[in-house]
Amino acid sequence: MTEVPNITLNNGVEIPQFGYGVFQVPPERTSAAVLEAFAAGYRHIDTAQMYRNEEGVGRALAESGLARDEVFVTTKLNNGAHGYQRAIAALDQSLGTMRLDYVDLFLIHWPLPRQDRYVETWKAFEKLLADGKARAIGVSNFQPAHLERLAMATEVVPAVNQIELHPRLTQHELRKYHAKHGIATEAWSPIAKGRVLEHPTLQGLADKYGKTAAQVVLRWHIQIGNIVFPKTSSPERMRENIDVFDFELDPDDVAAIEALDDRHRTGPDPDTFDMTG
């Protein structure tokens with residue numbers, strides 16, 4: 001089985017650097033997909049209340065025969081559950097749905113700055129951390145200004161910020177902020193929904209290393225220190241994605257991938273996105 005390295009978060013909790021994301025996996029397919037991921041060597045599963053497939057994650061874990069402490073489980077707060085009491089109730093509901101006593105990581109999914117409730121919500125997260133319902137707490141899609149407000153108004157520094165990050169959106173400045181403040185960077189949409197894979201630079205590197213372009217990009221993420229969890233429902237692609245620990249990109253090649261950045265987003269702008277649900 002592939003040996004995936006761990007990253008130590010700012011509170012001492014260890015998270016596997018490579019995981020499996022269930023975004024857009026249909027609820028009825030989630031349990032089978034997660035079991036396939038376990039068979040391929042994944043021990044880090046990333047879900048969210050918004051995905052409506054937490055139940056399948058919990059069922060797969062129960063059926064897998066794996067001990068609870070062998071699997072790192074992340075879920076994220078639904079956008080409609082900002083606020084102190086609602087956030088606490090939301091995690092209780094997720095724990096019931098997944099039949100778990102705790103999650104390893106609980107994230108605020110989006111800052112929703114127009115609502116301006118993420119500070120209040122984060123204080124609820126601090127309570128959930130203190131109560132042991134989450135081993136670590138973090139955020140997703142937060143910009144430096146959002147993180148600065150948390151730093152001024154609350155006590156716990158987020159362990160993680162999960163952000164859109166790929167060769168066309170390398171988030172260099174935000175990653176620098178994370179490094180300065182001890183926040184781990186997680187990358188969603190790590191291959192830009194496949195939109196980067198035909199680029200001549202990546203095709204050339206794939207030929208050089210005898211890997212696919214997707215593997216080259218995922219290896220780039222690993223080498224720059226990101227936590228990454230590509231999504232797929234294909235068992236073959238699951239195995240291909242995680243097969244990135246037997247080669248290393250030369251420094252010049254890492255720099256060449258960084259140079260593809262043109263600030264292209266595949267998803268919403270966190271400063272303006274305000275969807276609840």
# chains A, B, ... in the order shown; residues from 1 in each chain; ligands from 1
call {"tool": "residues_around", "arguments": {"residues": "His172 (chain A)", "least_positions_apart": "3", "cutoff": "12 Å", "atoms": "only C-alpha atoms", "output": "PyMOL selection string"}}
result
chain A and resi 144+163-169+175-179+185+224+226+258-259+261-263
call {"tool": "write_last_selection", "arguments": {"atoms": "C-alpha atoms", "output": "PDB file, in the first residue's frame"}}
result
ATOM      1  CA  PRO A 144      -6.152  37.111   4.270  1.00  0.00           C
ATOM      2  CA  ILE A 163      -8.678  26.906  -0.989  1.00  0.00           C
ATOM      3  CA  GLU A 164      -8.922  26.586  -4.742  1.00  0.00           C
ATOM      4  CA  LEU A 165      -5.336  26.001  -5.816  1.00  0.00           C
ATOM      5  CA  HIS A 166      -3.861  24.622  -9.028  1.00  0.00           C
ATOM      6  CA  PRO A 167      -1.228  25.615 -11.602  1.00  0.00           C
ATOM      7  CA  ARG A 168      -3.427  28.398 -12.991  1.00  0.00           C
ATOM      8  CA  LEU A 169      -4.191  29.733  -9.492  1.00  0.00           C
ATOM      9  CA  ARG A 175       0.285  30.444   0.896  1.00  0.00           C
ATOM     10  CA  LYS A 176       2.892  32.868   2.275  1.00  0.00           C
ATOM     11  CA  TYR A 177       0.340  34.125   4.794  1.00  0.00           C
ATOM     12  CA  HIS A 178      -0.438  30.552   5.815  1.00  0.00           C
ATOM     13  CA  ALA A 179       3.240  29.724   6.298  1.00  0.00           C
ATOM     14  CA  THR A 185      -2.778  24.801   2.957  1.00  0.00           C
ATOM     15  CA  ILE A 224       5.152  22.643  -2.389  1.00  0.00           C
ATOM     16  CA  ASN A 226      -0.116  21.306   0.009  1.00  0.00           C
ATOM     17  CA  GLU A 258       4.267  27.826 -10.798  1.00  0.00           C
ATOM     18  CA  ALA A 259       4.809  30.023 -13.858  1.00  0.00           C
ATOM     19  CA  ASP A 261      -0.422  30.983 -12.877  1.00  0.00           C
ATOM     20  CA  ASP A 262      -2.841  33.363 -14.598  1.00  0.00           C
ATOM     21  CA  ARG A 263      -5.228  33.750 -11.610  1.00  0.00           C
TER      22      ARG A 263
END
call {"tool": "select_by_dssp", "arguments": {"residues": "region 123-255 of chain A", "states": "helix (DSSP H, G or I)", "output": "compact mmCIF listing (two decimals) with N, CA and C atoms, in the first residue's frame"}}
result
# COMPACT_ATOMS: atom_id res chain seq x y z
N LYS A 123 -16.19 31.13 16.84
CA LYS A 123 -16.23 30.95 18.29
C LYS A 123 -16.97 29.66 18.65
N ALA A 124 -17.97 29.29 17.88
CA ALA A 124 -18.61 28.00 18.08
C ALA A 124 -17.65 26.86 17.77
N PHE A 125 -16.83 27.04 16.73
CA PHE A 125 -15.84 26.02 16.39
C PHE A 125 -14.84 25.84 17.53
N GLU A 126 -14.45 26.94 18.16
CA GLU A 126 -13.54 26.84 19.30
C GLU A 126 -14.17 25.99 20.42
N LYS A 127 -15.47 26.17 20.63
CA LYS A 127 -16.19 25.37 21.63
C LYS A 127 -16.22 23.89 21.23
N LEU A 128 -16.46 23.62 19.96
CA LEU A 128 -16.49 22.24 19.47
C LEU A 128 -15.13 21.57 19.62
N LEU A 129 -14.07 22.34 19.39
CA LEU A 129 -12.71 21.82 19.58
C LEU A 129 -12.48 21.50 21.07
N ALA A 130 -12.85 22.42 21.93
CA ALA A 130 -12.65 22.22 23.37
C ALA A 130 -13.44 21.03 23.88
N PRO A 144 -6.92 36.55 3.14
CA PRO A 144 -6.15 37.11 4.27
C PRO A 144 -6.96 38.04 5.17
N ALA A 145 -7.82 38.87 4.59
CA ALA A 145 -8.61 39.79 5.42
C ALA A 145 -9.53 39.04 6.37
N HIS A 146 -10.09 37.93 5.89
CA HIS A 146 -10.97 37.12 6.76
C HIS A 146 -10.15 36.49 7.88
N LEU A 147 -8.98 35.99 7.54
CA LEU A 147 -8.12 35.36 8.54
C LEU A 147 -7.65 36.39 9.57
N GLU A 148 -7.38 37.61 9.13
CA GLU A 148 -6.95 38.66 10.04
C GLU A 148 -8.05 39.00 11.05
N ARG A 149 -9.29 39.02 10.58
CA ARG A 149 -10.39 39.29 11.51
C ARG A 149 -10.51 38.20 12.56
N LEU A 150 -10.35 36.95 12.16
CA LEU A 150 -10.37 35.86 13.15
C LEU A 150 -9.25 36.04 14.15
N ALA A 151 -8.07 36.40 13.67
CA ALA A 151 -6.92 36.56 14.55
C ALA A 151 -7.15 37.65 15.59
N MET A 152 -7.86 38.71 15.21
CA MET A 152 -8.10 39.81 16.12
C MET A 152 -9.21 39.51 17.12
N ALA A 153 -10.18 38.67 16.73
CA ALA A 153 -11.39 38.53 17.53
C ALA A 153 -11.52 37.19 18.24
N HIS A 172 0.02 32.21 -4.40
CA HIS A 172 1.34 32.39 -3.77
C HIS A 172 1.27 33.26 -2.52
N GLU A 173 0.58 34.38 -2.60
CA GLU A 173 0.53 35.29 -1.45
C GLU A 173 -0.23 34.69 -0.28
N LEU A 174 -1.32 34.01 -0.58
CA LEU A 174 -2.10 33.38 0.49
C LEU A 174 -1.31 32.25 1.14
N ARG A 175 -0.57 31.50 0.33
CA ARG A 175 0.28 30.44 0.90
C ARG A 175 1.36 31.04 1.80
N LYS A 176 1.91 32.19 1.42
CA LYS A 176 2.89 32.87 2.28
C LYS A 176 2.26 33.28 3.61
N TYR A 177 1.05 33.77 3.56
CA TYR A 177 0.34 34.13 4.79
C TYR A 177 0.17 32.89 5.67
N HIS A 178 -0.27 31.80 5.06
CA HIS A 178 -0.44 30.55 5.81
C HIS A 178 0.87 30.15 6.50
N ALA A 179 1.95 30.16 5.75
CA ALA A 179 3.24 29.72 6.30
C ALA A 179 3.65 30.61 7.47
N LYS A 180 3.42 31.90 7.36
CA LYS A 180 3.79 32.83 8.42
C LYS A 180 3.00 32.58 9.70
N HIS A 181 1.75 32.14 9.56
CA HIS A 181 0.86 32.02 10.71
C HIS A 181 0.59 30.57 11.13
N ALA A 192 -7.60 21.85 -11.57
CA ALA A 192 -8.43 22.84 -12.26
C ALA A 192 -9.51 22.18 -13.12
N LYS A 193 -10.11 21.12 -12.55
CA LYS A 193 -11.16 20.38 -13.27
C LYS A 193 -10.66 19.85 -14.61
N GLY A 194 -9.36 19.54 -14.66
CA GLY A 194 -8.75 19.00 -15.87
C GLY A 194 -8.37 20.03 -16.90
N PRO A 200 1.12 22.43 -22.84
CA PRO A 200 2.37 21.83 -23.32
C PRO A 200 3.41 21.63 -22.22
N THR A 201 3.49 22.54 -21.28
CA THR A 201 4.47 22.38 -20.19
C THR A 201 4.20 21.10 -19.41
N LEU A 202 2.94 20.86 -19.08
CA LEU A 202 2.59 19.67 -18.29
C LEU A 202 2.70 18.40 -19.13
N GLN A 203 2.35 18.50 -20.40
CA GLN A 203 2.51 17.34 -21.27
C GLN A 203 3.99 16.96 -21.39
N GLY A 204 4.83 17.98 -21.50
CA GLY A 204 6.27 17.72 -21.59
C GLY A 204 6.81 17.09 -20.32
N LEU A 205 6.36 17.56 -19.17
CA LEU A 205 6.82 16.98 -17.91
C LEU A 205 6.29 15.56 -17.72
N ALA A 206 5.08 15.32 -18.20
CA ALA A 206 4.55 13.95 -18.13
C ALA A 206 5.43 13.00 -18.93
N ASP A 207 5.85 13.43 -20.11
CA ASP A 207 6.75 12.60 -20.92
C ASP A 207 8.10 12.42 -20.22
N LYS A 208 8.61 13.48 -19.63
CA LYS A 208 9.91 13.43 -18.96
C LYS A 208 9.93 12.42 -17.82
N TYR A 209 8.87 12.41 -17.03
CA TYR A 209 8.86 11.57 -15.82
C TYR A 209 8.13 10.24 -16.02
N ALA A 213 -0.09 13.75 -16.92
CA ALA A 213 -0.06 15.17 -16.55
C ALA A 213 -0.72 15.39 -15.20
N ALA A 214 -1.80 14.65 -14.92
CA ALA A 214 -2.46 14.79 -13.62
C ALA A 214 -1.53 14.39 -12.49
N GLN A 215 -0.77 13.32 -12.68
CA GLN A 215 0.18 12.90 -11.64
C GLN A 215 1.27 13.94 -11.43
N VAL A 216 1.70 14.55 -12.52
CA VAL A 216 2.72 15.61 -12.39
C VAL A 216 2.18 16.76 -11.55
N VAL A 217 0.94 17.18 -11.81
CA VAL A 217 0.36 18.28 -11.05
C VAL A 217 0.17 17.90 -9.59
N LEU A 218 -0.30 16.69 -9.33
CA LEU A 218 -0.49 16.26 -7.95
C LEU A 218 0.83 16.16 -7.22
N ARG A 219 1.87 15.72 -7.93
CA ARG A 219 3.20 15.68 -7.31
C ARG A 219 3.69 17.10 -7.00
N TRP A 220 3.40 18.04 -7.88
CA TRP A 220 3.74 19.44 -7.62
C TRP A 220 3.11 19.92 -6.31
N HIS A 221 1.83 19.61 -6.13
CA HIS A 221 1.16 19.98 -4.89
C HIS A 221 1.90 19.41 -3.67
N ILE A 222 2.25 18.14 -3.76
CA ILE A 222 2.94 17.50 -2.63
C ILE A 222 4.25 18.21 -2.33
N GLN A 223 5.01 18.53 -3.38
CA GLN A 223 6.34 19.11 -3.16
C GLN A 223 6.29 20.54 -2.64
N PRO A 235 -12.19 3.64 -9.71
CA PRO A 235 -11.14 2.98 -8.92
C PRO A 235 -9.77 3.05 -9.59
N GLU A 236 -9.74 2.93 -10.92
CA GLU A 236 -8.46 3.00 -11.63
C GLU A 236 -7.82 4.38 -11.46
N ARG A 237 -8.64 5.44 -11.56
CA ARG A 237 -8.12 6.79 -11.40
C ARG A 237 -7.71 7.05 -9.96
N MET A 238 -8.44 6.46 -9.00
CA MET A 238 -8.03 6.59 -7.59
C MET A 238 -6.61 6.07 -7.40
N ARG A 239 -6.35 4.90 -7.97
CA ARG A 239 -5.02 4.30 -7.82
C ARG A 239 -3.97 5.12 -8.55
N GLU A 240 -4.34 5.64 -9.72
CA GLU A 240 -3.39 6.47 -10.47
C GLU A 240 -3.07 7.75 -9.70
N ASN A 241 -4.09 8.39 -9.13
CA ASN A 241 -3.88 9.67 -8.45
C ASN A 241 -2.92 9.55 -7.28
N ILE A 242 -3.05 8.47 -6.52
CA ILE A 242 -2.24 8.33 -5.31
C ILE A 242 -0.82 7.82 -5.62
N PRO A 251 13.64 21.03 -9.22
CA PRO A 251 13.24 22.39 -8.82
C PRO A 251 12.84 23.27 -10.00
N ASP A 252 13.54 23.15 -11.12
CA ASP A 252 13.19 23.95 -12.29
C ASP A 252 11.81 23.60 -12.81
N ASP A 253 11.43 22.34 -12.68
CA ASP A 253 10.11 21.92 -13.14
C ASP A 253 9.01 22.40 -12.20
N VAL A 254 9.29 22.41 -10.90
CA VAL A 254 8.34 22.99 -9.95
C VAL A 254 8.11 24.46 -10.30
N ALA A 255 9.19 25.18 -10.60
CA ALA A 255 9.09 26.59 -10.96
C ALA A 255 8.33 26.79 -12.27
call {"tool": "select_by_dssp", "arguments": {"residues": "region 90-244 of chain A", "states": "strand (DSSP E or B)", "output": "list in words"}}
result
Val103, Leu105, Phe106, Leu107, Ile108, Ala134, Ile137, Gly138, Val139, Ser140, Val160, Asn161, Gln162, Ile163, Glu164, His166, Leu169, Ala184, Thr185, Glu186, Ala187, Trp188, Ile227 and Val228 of chain A
call {"tool": "write_last_selection", "arguments": {"atoms": "C-alpha atoms", "output": "tab-separated table (two decimals), in the first residue's frame"}}
result
chain	number	residue	atom	x	y	z
A	103	VAL	CA	-14.50	14.41	13.21
A	105	LEU	CA	-11.26	18.30	11.04
A	106	PHE	CA	-14.26	20.65	10.85
A	107	LEU	CA	-14.13	23.60	8.45
A	108	ILE	CA	-16.20	26.72	7.85
A	134	ALA	CA	-13.48	17.99	16.38
A	137	ILE	CA	-10.79	23.18	13.26
A	138	GLY	CA	-10.16	25.23	10.18
A	139	VAL	CA	-11.64	27.26	7.39
A	140	SER	CA	-12.15	27.02	3.65
A	160	VAL	CA	-6.13	24.59	7.83
A	161	ASN	CA	-7.40	26.84	5.06
A	162	GLN	CA	-8.82	24.80	2.18
A	163	ILE	CA	-8.68	26.91	-0.99
A	164	GLU	CA	-8.92	26.59	-4.74
A	166	HIS	CA	-3.86	24.62	-9.03
A	169	LEU	CA	-4.19	29.73	-9.49
A	184	ALA	CA	-1.73	24.35	6.59
A	185	THR	CA	-2.78	24.80	2.96
A	186	GLU	CA	-5.28	22.37	1.47
A	187	ALA	CA	-5.95	22.50	-2.28
A	188	TRP	CA	-9.35	21.93	-3.81
A	227	ILE	CA	-2.60	18.80	1.36
A	228	VAL	CA	-4.53	17.50	-1.63
call {"tool": "atom_distance", "arguments": {"atom1": "CA of Tyr118 (chain A)", "atom2": "CA of Gly83 (chain A)"}}
result
7.4 Å
call {"tool": "closest_residue", "arguments": {"among": "A:Ala159, A:Leu260, A:Val34, A:Leu100", "to": "Gln171 (chain A)", "atoms": "only C-alpha atoms"}}
result
A:Leu260
call {"tool": "closest_atom_pairs", "arguments": {"of": "region 86-176 of chain A", "to": "region 53-63 of chain A", "cutoff": "9 Å", "atoms": "only C-alpha atoms", "output": "Markdown table"}}
result
| residue | atom | partner | partner_atom | distance |
| --- | --- | --- | --- | --- |
| A:Ser94 | CA | A:Glu54 | CA | 7.1 |
| A:Leu95 | CA | A:Gly58 | CA | 8.9 |
| A:Gly96 | CA | A:Glu55 | CA | 8.9 |
| A:Thr97 | CA | A:Glu55 | CA | 5.3 |
| A:Met98 | CA | A:Gly58 | CA | 4.0 |
| A:Arg99 | CA | A:Gly58 | CA | 6.1 |
| A:Leu100 | CA | A:Gly58 | CA | 7.3 |
call {"tool": "closest_residue", "arguments": {"among": "A:Val119, A:Val4, A:Val25, A:Ile15", "to": "Ala40 (chain A)", "atoms": "only C-alpha atoms"}}
result
A:Val4
call {"tool": "atom_distance", "arguments": {"atom1": "CA of Pro26 (chain A)", "atom2": "CA of Thr75 (chain A)"}}
result
16.1 Å
call {"tool": "atom_distance", "arguments": {"atom1": "CA of Glu36 (chain A)", "atom2": "CA of Gln93 (chain A)"}}
result
25.8 Å
call {"tool": "residues_around", "arguments": {"residues": "region 113-116 of chain A", "least_positions_apart": "5", "cutoff": "8 Å", "atoms": "only C-alpha atoms", "output": "PyMOL selection string"}}
result
chain A and resi 271-272+274
call {"tool": "write_last_selection", "arguments": {"atoms": "C-alpha atoms", "output": "PDB file, in the first residue's frame"}}
result
ATOM      1  CA  ASP A 271     -14.977  37.810  -1.447  1.00  0.00           C
ATOM      2  CA  THR A 272     -18.353  37.860  -3.197  1.00  0.00           C
ATOM      3  CA  ASP A 274     -22.846  34.322  -0.696  1.00  0.00           C
TER       4      ASP A 274
END
